[in-house]
>>> print(open('coords36.txt').read())   # compact mmCIF, C-alpha atoms
# COMPACT_ATOMS: atom_id res chain seq x y z
CA MET A 532 76.33 132.02 120.40
CA ASN A 533 78.72 132.84 117.55
CA SER A 534 79.58 136.20 119.09
CA VAL A 535 80.38 134.44 122.37
CA ILE A 536 82.73 132.05 120.56
CA LEU A 537 84.43 134.84 118.67
CA ARG A 538 84.99 136.81 121.88
CA ALA A 539 86.47 133.69 123.49
CA LEU A 540 88.92 133.16 120.60
CA ARG A 541 90.31 136.63 121.13
CA THR A 542 91.91 135.21 124.22
CA PRO A 543 95.33 133.89 123.12
CA ALA A 544 95.19 130.86 125.37
CA VAL A 545 91.82 129.83 124.07
CA ALA A 546 92.91 130.42 120.48
CA ALA A 547 95.94 128.22 120.99
CA LEU A 548 93.78 125.52 122.52
CA ALA A 549 91.47 125.66 119.51
CA ILE A 550 94.39 125.23 117.13
CA ILE A 551 95.76 122.30 119.05
CA THR A 552 92.32 120.70 119.23
CA SER A 553 91.88 121.00 115.47
CA LEU A 554 95.21 119.30 114.88
CA VAL A 555 94.55 116.33 117.11
CA GLY A 556 91.11 115.89 115.59
CA LEU A 557 92.58 114.17 112.52
CA PRO A 558 90.74 111.24 111.01
CA ALA A 559 91.66 108.00 112.74
CA GLU A 560 92.70 106.42 109.43
CA ALA A 561 95.59 108.88 109.03
CA ASP A 562 97.12 107.66 112.29
CA ALA A 563 96.46 103.93 111.80
CA GLN A 564 98.94 103.18 109.00
CA ARG A 565 102.50 102.31 109.87
CA VAL A 566 105.49 101.28 107.80
CA GLY A 567 108.91 100.04 108.73
CA GLY A 568 112.12 99.07 107.05
CA THR A 569 115.67 98.22 107.98
CA GLY A 570 118.60 97.38 105.76
CA TYR A 571 122.28 96.80 106.22
CA GLY A 572 125.05 95.11 104.32
CA ALA A 573 126.71 92.95 106.93
CA SER A 574 127.09 92.25 110.63
CA VAL A 575 129.36 90.13 112.79
CA ARG A 576 128.54 89.18 116.38
CA THR A 577 130.84 87.14 118.58
CA THR A 578 130.96 86.54 122.29
CA LEU A 579 133.42 89.42 122.54
CA THR A 580 132.34 91.97 120.00
CA SER A 581 129.61 93.13 117.67
CA THR A 582 130.01 95.21 114.53
CA GLN A 583 127.67 96.17 111.72
CA SER A 584 127.85 98.14 108.51
CA PRO A 585 125.79 101.38 108.27
CA VAL A 586 122.09 100.75 108.80
CA ALA A 587 119.20 102.31 106.92
CA ALA A 588 116.16 102.51 109.23
CA LEU A 589 112.79 103.81 108.03
CA PRO A 590 110.67 105.96 110.37
CA ALA A 591 107.13 104.76 111.13
CA GLY A 592 105.62 107.46 108.94
CA GLY A 593 107.84 106.63 105.97
CA GLY A 594 110.61 108.41 104.12
CA TYR A 595 113.89 107.52 102.45
CA VAL A 596 117.05 106.42 104.26
CA VAL A 597 120.39 105.15 102.93
CA GLY A 598 123.17 103.31 104.74
CA GLU A 599 126.32 102.50 102.80
CA ALA A 600 130.02 101.83 103.00
CA ALA A 601 132.70 101.26 100.40
CA SER A 602 134.04 98.34 102.39
CA PHE A 603 133.42 96.42 105.60
CA GLY A 604 135.35 93.68 107.29
CA VAL A 605 136.46 91.76 110.32
CA PRO A 606 139.85 90.02 109.97
CA SER A 607 139.61 86.33 109.20
CA THR A 608 135.82 86.55 109.45
CA LEU A 609 134.29 88.76 106.78
CA ASP A 610 135.34 90.96 103.90
CA ALA A 611 132.88 92.81 101.68
CA ARG A 612 132.76 95.73 99.25
CA TRP A 613 130.19 98.21 97.99
CA LEU A 614 127.61 97.79 100.73
CA THR A 615 124.44 99.78 99.97
CA ALA A 616 121.12 99.66 101.79
CA VAL A 617 118.18 101.89 100.95
CA THR A 618 114.74 101.80 102.53
CA THR A 619 111.71 103.80 101.41
CA GLY A 620 108.03 103.84 102.18
CA SER A 621 105.02 105.91 103.01
CA VAL A 622 101.68 105.89 104.72
CA SER A 623 98.55 107.48 103.35
CA ASP A 624 94.85 107.61 104.16
CA ALA A 625 92.56 104.60 104.36
CA SER A 626 91.88 104.61 100.63
CA GLU A 627 95.46 103.81 99.65
CA PRO A 628 97.99 101.15 100.60
CA ALA A 629 100.78 101.76 103.04
CA SER A 630 103.97 100.38 101.54
CA ALA A 631 107.64 99.96 102.33
CA GLN A 632 110.57 98.55 100.37
CA THR A 633 114.13 97.80 101.44
CA VAL A 634 117.02 96.86 99.18
CA SER A 635 120.37 95.77 100.60
CA GLU A 636 123.29 94.64 98.48
CA VAL A 637 126.90 93.72 98.90
CA GLU A 638 129.63 92.84 96.43
CA SER A 639 132.81 90.76 96.64
CA VAL A 640 131.73 88.83 99.72
CA ASN A 641 134.16 86.53 101.51
CA VAL A 642 133.09 84.87 104.76
CA LEU A 643 135.51 82.91 106.95
CA ASN A 644 138.39 82.86 104.50
CA GLY A 645 136.38 81.58 101.56
CA LEU A 646 133.92 79.29 103.33
CA VAL A 647 131.15 81.35 101.73
CA ARG A 648 131.87 83.55 98.72
CA ALA A 649 129.75 85.53 96.32
CA ASP A 650 130.28 88.24 93.72
CA ASN A 651 127.00 89.86 94.69
CA VAL A 652 124.39 89.41 97.39
CA THR A 653 121.05 91.24 97.01
CA ALA A 654 118.30 91.24 99.62
CA ILE A 655 114.91 92.81 98.85
CA ALA A 656 111.95 93.01 101.22
CA SER A 657 108.71 94.66 100.16
CA SER A 658 105.50 95.01 102.20
CA TYR A 659 102.12 96.61 101.68
CA ALA A 660 98.88 96.90 103.60
CA ALA A 661 95.83 97.75 101.53
CA ASN A 662 92.09 97.60 102.11
CA GLY A 663 91.51 94.16 103.63
CA THR A 664 94.80 92.61 102.58
CA ALA A 665 98.46 92.85 103.45
CA GLY A 666 101.49 91.05 102.07
CA SER A 667 105.24 90.88 101.78
CA ASP A 668 107.65 89.36 99.32
CA ALA A 669 111.34 88.90 98.72
CA ASP A 670 111.19 88.94 94.92
CA GLY A 671 114.43 90.06 93.34
CA SER A 672 116.61 88.72 96.15
CA GLY A 673 119.49 86.58 94.99
CA PHE A 674 123.16 85.79 94.61
CA VAL A 675 125.72 86.04 91.84
CA ASN A 676 128.34 83.28 91.72
CA LEU A 677 127.69 81.91 95.20
CA VAL A 678 130.05 79.24 96.57
CA VAL A 679 129.51 77.49 99.90
CA ASN A 680 132.17 75.20 101.36
CA GLY A 681 133.69 74.69 97.93
CA THR A 682 130.40 73.95 96.14
CA ALA A 683 129.10 76.39 93.56
CA ILE A 684 125.38 77.16 93.89
CA THR A 685 124.22 77.54 90.29
CA THR A 686 120.47 77.87 90.77
CA ASP A 687 118.24 80.19 92.73
CA VAL A 688 118.25 79.37 96.42
CA ALA A 689 114.96 78.42 98.03
CA PRO A 690 113.96 80.31 101.18
CA ASN A 691 115.54 79.09 104.42
CA THR A 692 117.99 76.70 102.79
CA ARG A 693 120.29 75.28 105.46
CA ILE A 694 123.74 73.87 104.74
CA ASP A 695 125.59 72.18 107.59
CA ILE A 696 129.34 72.60 107.73
CA PRO A 697 130.94 69.96 109.95
CA LEU A 698 133.07 71.24 112.83
CA VAL A 699 132.13 74.82 111.97
CA GLY A 700 128.38 75.30 112.24
CA TYR A 701 125.82 75.93 109.55
CA VAL A 702 124.72 78.45 106.95
CA VAL A 703 121.17 79.52 106.21
CA LEU A 704 120.77 81.00 102.74
CA ASN A 705 117.87 83.27 101.77
CA GLU A 706 116.62 83.25 105.35
CA GLN A 707 113.07 84.66 105.43
CA ILE A 708 111.19 85.50 108.60
CA ARG A 709 107.57 86.50 108.12
CA GLY A 710 105.10 88.25 110.39
CA GLY A 711 101.72 89.96 110.44
CA ASP A 712 98.21 88.66 110.01
CA GLY A 713 97.99 89.06 106.24
CA ALA A 714 94.89 91.18 106.52
CA THR A 715 95.92 94.35 108.32
CA SER A 716 99.64 93.85 108.68
CA SER A 717 102.59 92.11 107.06
CA SER A 718 106.32 92.03 107.63
CA LEU A 719 109.32 90.23 106.23
CA THR A 720 113.00 90.01 107.13
CA VAL A 721 115.41 88.63 104.54
CA ASN A 722 118.95 87.64 105.50
CA MET A 723 120.65 86.29 102.41
CA ILE A 724 123.62 84.70 104.20
CA HIS A 725 123.33 83.81 107.87
CA VAL A 726 126.23 81.87 109.34
CA ARG A 727 125.95 80.43 112.83
CA LEU A 728 129.16 79.06 114.30
CA LEU A 729 129.52 76.40 116.96
CA ASP A 730 131.10 78.93 119.33
CA GLY A 731 128.00 81.11 119.15
CA ALA A 732 129.27 83.68 116.65
CA ASP A 733 126.78 85.01 114.13
CA ILE A 734 127.49 86.49 110.69
CA VAL A 735 124.87 88.08 108.43
CA VAL A 736 125.37 89.37 104.89
CA GLY A 737 122.64 91.16 102.96
CA SER A 738 119.79 91.98 105.35
CA ALA A 739 116.56 93.73 104.36
CA SER A 740 113.31 94.00 106.26
CA SER A 741 110.01 95.73 105.61
CA SER A 742 106.63 96.05 107.29
CA ALA A 743 103.28 97.70 106.68
CA SER A 744 100.13 97.86 108.75
CA ARG A 745 96.80 99.68 108.80
CA MET B 897 142.76 107.14 92.72
CA LYS B 898 139.55 108.93 92.64
CA THR B 899 139.19 111.78 90.15
CA ARG B 900 136.53 114.43 90.15
CA GLN B 901 134.95 115.08 86.82
CA THR B 902 132.66 117.87 85.82
CA PHE B 903 130.61 117.41 82.70
CA LEU B 904 131.78 119.77 80.00
CA LEU B 905 129.32 121.67 77.89
CA ALA B 906 129.78 120.27 74.42
CA PRO B 907 127.81 120.12 71.17
CA ILE B 908 128.11 116.33 70.98
CA VAL B 909 126.79 114.40 73.97
CA CYS B 910 127.07 110.83 72.75
CA THR B 911 130.14 108.79 71.89
CA ALA B 912 130.48 105.43 70.18
CA MET B 913 130.71 103.64 73.54
CA LEU B 914 127.71 105.31 75.15
CA LEU B 915 123.95 104.96 74.64
CA ALA B 916 122.10 107.70 72.79
CA VAL B 917 120.05 109.97 74.99
CA ALA B 918 116.83 111.64 73.88
CA CYS B 919 117.03 115.24 74.93
CA ARG B 920 113.85 117.08 75.49
CA ASP B 921 113.05 120.17 73.48
CA ALA B 922 113.83 123.27 75.54
CA THR B 923 110.39 124.82 75.35
CA ALA B 924 109.90 124.94 79.11
CA PRO B 925 110.31 128.02 81.25
CA PRO B 926 113.94 129.19 81.41
CA GLN B 927 116.26 127.13 83.59
CA PRO B 928 119.32 128.52 85.33
CA ALA B 929 122.38 128.25 83.16
CA GLU B 930 124.93 125.75 84.38
CA ILE B 931 127.99 123.85 83.38
CA GLY B 932 126.89 120.27 83.00
CA ASP B 933 124.67 118.00 81.01
CA PRO B 934 121.69 119.50 79.19
CA ARG B 935 118.65 119.73 81.46
CA PHE B 936 115.67 117.63 80.55
CA HIS B 937 112.84 120.06 80.20
CA PRO B 938 109.15 119.26 80.39
CA ILE B 939 107.45 118.50 77.11
CA PRO B 940 103.89 119.48 76.23
CA GLY B 941 101.52 117.21 78.17
CA ASP B 942 103.62 116.99 81.29
CA GLU B 943 101.80 118.74 84.09
CA ALA B 944 102.04 119.52 87.74
CA ALA B 945 101.13 116.44 89.74
CA ASN B 946 98.89 116.14 92.80
CA PHE B 947 100.47 112.91 94.03
CA ARG B 948 103.82 111.63 95.29
CA MET B 949 105.71 108.39 94.92
CA THR B 950 108.01 106.00 96.75
CA GLY B 951 109.60 102.88 95.40
CA GLY B 952 112.40 100.38 95.61
CA GLY B 953 113.40 97.21 93.90
CA ARG B 954 115.23 95.57 91.05
CA VAL B 955 115.21 95.73 87.24
CA ASP B 956 116.85 92.99 85.16
CA GLU B 957 115.58 93.69 81.69
CA ARG B 958 116.03 96.65 79.35
CA ASP B 959 112.53 96.66 77.93
CA HIS B 960 109.03 95.50 78.80
CA THR B 961 109.32 92.01 77.36
CA GLY B 962 109.94 90.23 80.65
CA PHE B 963 110.65 90.60 84.32
CA ASP B 964 112.32 87.42 85.46
CA LYS B 965 115.47 87.71 87.48
CA HIS B 966 118.54 86.82 85.44
CA THR B 967 120.34 83.54 86.14
CA PRO B 968 122.68 83.42 89.14
CA GLU B 969 125.87 83.98 87.15
CA SER B 970 124.62 87.26 85.67
CA ARG B 971 125.35 90.71 87.08
CA ASP B 972 123.28 92.47 84.46
CA PHE B 973 120.73 94.14 86.71
CA ALA B 974 120.11 97.32 88.67
CA THR B 975 118.54 98.07 92.03
CA PHE B 976 117.02 101.29 93.28
CA GLY B 977 115.11 103.18 95.93
CA PHE B 978 113.46 106.60 95.80
CA GLN B 979 110.97 109.01 97.19
CA ALA B 980 109.75 111.90 95.06
CA ARG B 981 107.08 114.56 95.33
CA PRO B 982 106.08 118.00 94.11
CA THR B 983 106.97 120.84 96.47
CA GLY B 984 103.47 122.28 96.27
CA PRO B 985 100.29 122.52 94.24
CA ASN B 986 100.46 123.72 90.65
CA THR B 987 104.21 123.49 90.39
CA THR B 988 106.62 121.15 88.66
CA GLU B 989 109.30 121.77 91.24
CA GLY B 990 110.08 118.61 93.12
CA SER B 991 111.87 117.25 96.15
CA GLY B 992 113.16 113.87 97.20
CA ASN B 993 115.99 111.47 96.56
CA LEU B 994 116.94 108.48 94.47
CA THR B 995 119.61 105.81 94.77
CA TRP B 996 120.34 103.71 91.70
CA VAL B 997 122.94 100.91 91.59
CA GLU B 998 124.01 99.41 88.27
CA HIS B 999 125.76 96.06 88.74
CA ASN B 1000 126.74 95.17 85.19
CA PRO B 1001 130.55 95.00 85.01
CA ASP B 1002 130.32 95.45 81.24
CA HIS B 1003 129.09 98.99 81.79
CA PRO B 1004 131.84 101.47 80.75
CA TYR B 1005 132.53 102.30 84.38
CA GLY B 1006 132.22 98.71 85.58
CA GLY B 1007 129.00 99.58 87.32
CA PHE B 1008 128.19 102.46 89.65
CA THR B 1009 126.21 103.74 92.62
CA PHE B 1010 124.26 106.92 91.93
CA HIS B 1011 122.62 109.29 94.41
CA GLY B 1012 120.31 111.88 92.94
CA ARG B 1013 118.26 114.80 94.22
CA VAL B 1014 114.76 115.28 92.88
CA GLU B 1015 114.38 118.79 91.53
CA PHE B 1016 111.30 118.47 89.34
CA PHE B 1017 108.25 116.23 89.56
CA MET B 1018 105.24 116.04 87.27
CA THR B 1019 102.78 113.72 85.60
CA SER B 1020 103.96 111.44 82.83
CA ALA B 1021 102.47 110.81 79.44
CA GLU B 1022 103.06 107.11 80.16
CA GLY B 1023 99.83 106.94 82.15
CA PRO B 1024 97.80 108.23 85.10
CA ASN B 1025 99.72 106.09 87.59
CA CYS B 1026 103.09 107.32 86.40
CA ALA B 1027 105.35 110.20 87.28
CA TYR B 1028 108.22 111.94 85.55
CA PHE B 1029 110.87 113.38 87.83
CA GLY B 1030 114.56 114.10 88.00
CA GLY B 1031 117.34 116.49 88.90
CA THR B 1032 121.06 116.21 89.49
CA GLY B 1033 123.29 113.86 91.41
CA ARG B 1034 126.61 112.14 91.71
CA ALA B 1035 127.92 108.71 90.90
CA ARG B 1036 130.68 106.59 92.36
CA THR B 1037 131.89 104.15 89.76
CA ARG B 1038 133.38 100.71 90.27
CA ASP B 1039 136.54 101.81 88.47
CA GLY B 1040 137.15 104.43 91.15
CA GLN B 1041 135.74 107.64 89.71
CA GLU B 1042 133.40 110.16 91.31
CA LEU B 1043 131.19 111.95 88.81
CA ASP B 1044 129.40 115.08 89.99
CA ASP B 1045 126.65 117.30 88.59
CA LEU B 1046 125.06 114.52 86.58
CA SER B 1047 121.63 115.26 85.17
CA TRP B 1048 119.18 112.42 85.56
CA HIS B 1049 115.52 111.69 85.20
CA ALA B 1050 113.04 108.90 85.67
CA GLU B 1051 111.22 109.32 82.39
CA HIS B 1052 108.48 107.33 83.99
CA ALA B 1053 107.97 105.46 87.24
CA CYS B 1054 104.66 103.64 87.25
CA ASP B 1055 102.54 102.05 89.99
CA GLU B 1056 100.36 99.44 88.31
CA GLY B 1057 99.53 97.29 91.33
CA GLU B 1058 100.73 95.46 94.42
CA PRO B 1059 103.04 93.62 94.59
CA GLY B 1060 105.13 95.40 92.00
CA ARG B 1061 106.98 92.50 90.38
CA GLY B 1062 106.01 92.15 86.75
CA VAL B 1063 103.60 95.12 86.78
CA ASP B 1064 105.38 98.23 88.03
CA HIS B 1065 107.99 99.68 85.71
CA ILE B 1066 110.56 102.43 85.53
CA ARG B 1067 112.79 104.07 82.93
CA ILE B 1068 115.85 105.81 84.29
CA VAL B 1069 118.27 108.00 82.36
CA ILE B 1070 121.49 109.24 83.94
CA ARG B 1071 123.44 111.26 81.42
CA ASP B 1072 124.19 108.66 78.73
CA TYR B 1073 123.11 105.63 80.74
CA GLU B 1074 119.65 104.16 80.51
CA ARG B 1075 117.74 101.19 81.86
CA HIS B 1076 114.06 100.54 81.31
CA GLY B 1077 111.93 97.64 82.42
CA LEU B 1078 109.38 95.93 84.57
CA LEU B 1079 110.38 95.29 88.14
CA SER B 1080 111.76 91.84 88.92
CA GLY B 1081 111.32 92.63 92.61
CA GLY B 1082 110.14 95.40 94.92
CA ASN B 1083 107.34 97.91 94.41
CA ILE B 1084 106.54 101.44 93.23
CA GLN B 1085 103.75 103.14 95.13
CA LYS B 1086 101.71 106.22 94.23
CA HIS B 1087 100.38 108.18 97.19
CA LYS B 1088 97.96 111.04 97.56
CA MET B 1089 99.44 114.42 98.16
CA ASN B 1090 98.09 116.70 100.87
CA PHE B 1091 99.08 120.27 100.19
CA ARG B 1092 98.68 122.19 103.44
>>> encode(input="coords36.txt", output="structure tokens")
Amino acid sequence: MNSVILRALRTPAVAALAIITSLVGLPAEADAQRVGGTGYGASVRTTLTSTQSPVAALPAGGGYVVGEAASFGVPSTLDARWLTAVTTGSVSDASEPASAQTVSEVESVNVLNGLVRADNVTAIASSYAANGTAGSDADGSGFVNLVVNGTAITTDVAPNTRIDIPLVGYVVLNEQIRGGDGATSSSLTVNMIHVRLLDGADIVVGSASSSASR
Amino acid sequence: MKTRQTFLLAPIVCTAMLLAVACRDATAPPQPAEIGDPRFHPIPGDEAANFRMTGGGRVDERDHTGFDKHTPESRDFATFGFQARPTGPNTTEGSGNLTWVEHNPDHPYGGFTFHGRVEFFMTSAEGPNCAYFGGTGRARTRDGQELDDLSWHAEHACDEGEPGRGVDHIRIVIRDYERHGLLSGGNIQKHKMNFR
């Protein structure tokens, strides 16, 4: 039997098929883990236009991606400096967690001619999926010297804090959108400043998302 | 106006304004000569690693005494992201990248964004879940400078659990800059390494 197999492998086509077969025969656990991550400093969407600062997007198998710009702005709408987003993560075999982390930060933020201002906006999203448990958190996210509609925000902002601005729209601070089942998957999107105007325009500053599944 | 600076080889590496840097004893295998900061060479006990690491997050403190995020008027913190790995079995050569952002305006450069290449990777005497890695990179400072050929190393980056806040920790040295502490957000993850 062995001599029959060896004679068969001398045929190039059969040898190639054997190699391919061995590659696809990987343990199922190696293919089951997935990670994701997206980060960007700022975006502006109106009924007429859409613009976004450089995006860092993590491949499903993990890696390291950076998106940054020295400045970003839309006249009379948004001005920001030192936008940096970095996303990292990796998958492994079933014995180890899959994990992903995204950090997005912006400095010298000015939205709608001072309606929302901050010296620094930092968004952090971190996800992991381990054996029987998965989770995400936004620890480390925050503002420095945040002012909204003339009022200084001097304490940490609770998730999904909404501030209405009459005749303009509203602002959601530390917006957190969660997903996953908490056992095999988890995801989180953090938008630190999310302005929604009455005319339908949408402004986001400091966005970080992460996901992990197994 | 941006200026390009190249580190000058000099007998004195620290000034009154800058933090002292602990330079490793050059007992490692010979490194290529270069104009720049002294290379940080492996010390006895550092070994080739059979794992890799990824991580990202925030550090507010400068030691291991706490990990709470500073109050909202403070810019004294740093954020980072990295991936690092050995290039093969039984070698301390490494590959990967690191981004480190220092936000403290009281820093001599007013803060900076640093991008580094990983050129060596090995175990760390800090513990079995820790790695020591580093290389060279460049920084863009808030006062408008671009600094090239900067030597840097993560003296240790440690994965002590999930989530990483309050348990994972990192010590980064970039020329004469240093920050060292528990994560106030994010995570550092150790992964198995498959050498094929």
>>> axis_aligned_box(input="coords36.txt", around="segment 617-630 of chain A", padding_each_side="6 Å", output="lines of an AutoDock Vina configuration file")
center_x = 105.0
center_y = 104.0
center_z = 102.2
size_x = 38.3
size_y = 19.2
size_z = 17.1
>>> closest_residue(input="coords36.txt", among="A:Asp730, A:Asp650, A:Asp670, A:Glu627", to="Ser744 of chain A", atoms="only C-alpha atoms")
A:Glu627
>>> interface_residues(input="coords36.txt", of="chain B", to="chain A", cutoff="8 Å", atoms="all atoms listed in the file", output="list in words")
Thr950, Gly951, Gly952, Gly953, Arg954, Lys965, Thr967, Pro968, Glu969, Ser970, Arg971, Thr975, Phe976, Gly977, Phe978, Gln979, Asn993, Thr995, Glu1058, Pro1059, Arg1061, Ser1080, Gly1081, Gly1082, Asn1083, Gln1085, His1087 and Lys1088 of chain B
>>> residues_near_point(input="coords36.txt", point="(116.4, 87.5, 108.0)", cutoff="7 Å", atoms="only C-alpha atoms", output="list in words")
Glu706, Gln707, Ile708, Thr720, Val721, Asn722 and Ser738 of chain A
>>> residues_around(input="coords36.txt", residues="His1076 of chain B", least_positions_apart="3", cutoff="10 Å", atoms="all atoms listed in the file", output="mmCIF file with C-alpha atoms, in the coordinates of the input")
data_model
loop_
_atom_site.group_PDB
_atom_site.id
_atom_site.type_symbol
_atom_site.label_atom_id
_atom_site.label_comp_id
_atom_site.auth_asym_id
_atom_site.auth_seq_id
_atom_site.Cartn_x
_atom_site.Cartn_y
_atom_site.Cartn_z
ATOM 1 C CA VAL B 955 115.210 95.730 87.240
ATOM 2 C CA ASP B 956 116.850 92.990 85.160
ATOM 3 C CA GLU B 957 115.580 93.690 81.690
ATOM 4 C CA ARG B 958 116.030 96.650 79.350
ATOM 5 C CA ASP B 959 112.530 96.660 77.930
ATOM 6 C CA HIS B 960 109.030 95.500 78.800
ATOM 7 C CA ALA B 1050 113.040 108.900 85.670
ATOM 8 C CA GLU B 1051 111.220 109.320 82.390
ATOM 9 C CA HIS B 1052 108.480 107.330 83.990
ATOM 10 C CA ALA B 1053 107.970 105.460 87.240
ATOM 11 C CA HIS B 1065 107.990 99.680 85.710
ATOM 12 C CA ILE B 1066 110.560 102.430 85.530
ATOM 13 C CA ARG B 1067 112.790 104.070 82.930
ATOM 14 C CA ILE B 1068 115.850 105.810 84.290
ATOM 15 C CA VAL B 1069 118.270 108.000 82.360
ATOM 16 C CA LEU B 1079 110.380 95.290 88.140
#
>>> residues_around(input="coords36.txt", residues="segment 564-576 of chain A", least_positions_apart="2", cutoff="6 Å", atoms="only C-alpha atoms", output="VMD selection string")
chain A and resid 562 580 to 584 586 to 589 591 614 616 618 622 635 637 732 to 745
>>> write_last_selection(input="coords36.txt", atoms="C-alpha atoms", output="compact mmCIF listing (two decimals), keeping the file's coordinate frame")
# COMPACT_ATOMS: atom_id res chain seq x y z
CA ASP A 562 97.12 107.66 112.29
CA THR A 580 132.34 91.97 120.00
CA SER A 581 129.61 93.13 117.67
CA THR A 582 130.01 95.21 114.53
CA GLN A 583 127.67 96.17 111.72
CA SER A 584 127.85 98.14 108.51
CA VAL A 586 122.09 100.75 108.80
CA ALA A 587 119.20 102.31 106.92
CA ALA A 588 116.16 102.51 109.23
CA LEU A 589 112.79 103.81 108.03
CA ALA A 591 107.13 104.76 111.13
CA LEU A 614 127.61 97.79 100.73
CA ALA A 616 121.12 99.66 101.79
CA THR A 618 114.74 101.80 102.53
CA VAL A 622 101.68 105.89 104.72
CA SER A 635 120.37 95.77 100.60
CA VAL A 637 126.90 93.72 98.90
CA ALA A 732 129.27 83.68 116.65
CA ASP A 733 126.78 85.01 114.13
CA ILE A 734 127.49 86.49 110.69
CA VAL A 735 124.87 88.08 108.43
CA VAL A 736 125.37 89.37 104.89
CA GLY A 737 122.64 91.16 102.96
CA SER A 738 119.79 91.98 105.35
CA ALA A 739 116.56 93.73 104.36
CA SER A 740 113.31 94.00 106.26
CA SER A 741 110.01 95.73 105.61
CA SER A 742 106.63 96.05 107.29
CA ALA A 743 103.28 97.70 106.68
CA SER A 744 100.13 97.86 108.75
CA ARG A 745 96.80 99.68 108.80
>>> closest_residue(input="coords36.txt", among="B:Asn946, B:Thr988, B:Thr1032, B:Gln1041", to="Phe1017 of chain B", atoms="all atoms listed in the file")
B:Thr988
>>> atom_distance(input="coords36.txt", atom1="atom CA of Ala714 of chain A", atom2="atom CA of Arg981 of chain B")
28.6 Å
>>> residues_around(input="coords36.txt", residues="Ala611 of chain A", least_positions_apart="5", cutoff="8 Å", atoms="all atoms listed in the file", output="list in words")
Ser602, Phe603, Gly604, Val637, Glu638, Ser639, Val640 and Asn641 of chain A
>>> decode(input="coords36.txt", residues="segment 972-988 of chain B", atoms="C-alpha atoms", output="mmCIF file, in the first residue's frame")
data_model
loop_
_atom_site.group_PDB
_atom_site.id
_atom_site.type_symbol
_atom_site.label_atom_id
_atom_site.label_comp_id
_atom_site.auth_asym_id
_atom_site.auth_seq_id
_atom_site.Cartn_x
_atom_site.Cartn_y
_atom_site.Cartn_z
ATOM 1 C CA ASP B 972 -0.733 63.633 31.772
ATOM 2 C CA PHE B 973 -1.238 60.287 30.075
ATOM 3 C CA ALA B 974 -0.086 58.242 27.105
ATOM 4 C CA THR B 975 -1.822 55.909 24.680
ATOM 5 C CA PHE B 976 -0.346 53.155 22.563
ATOM 6 C CA GLY B 977 -0.827 50.243 20.208
ATOM 7 C CA PHE B 978 1.619 47.567 19.087
ATOM 8 C CA GLN B 979 2.213 44.177 17.635
ATOM 9 C CA ALA B 980 5.547 42.444 18.180
ATOM 10 C CA ARG B 981 6.984 39.023 17.519
ATOM 11 C CA PRO B 982 10.224 37.130 16.995
ATOM 12 C CA THR B 983 11.132 36.523 13.364
ATOM 13 C CA GLY B 984 11.782 32.840 14.003
ATOM 14 C CA PRO B 985 12.671 30.214 16.579
ATOM 15 C CA ASN B 986 15.817 30.628 18.650
ATOM 16 C CA THR B 987 16.433 34.198 17.627
ATOM 17 C CA THR B 988 16.077 37.554 19.332
#
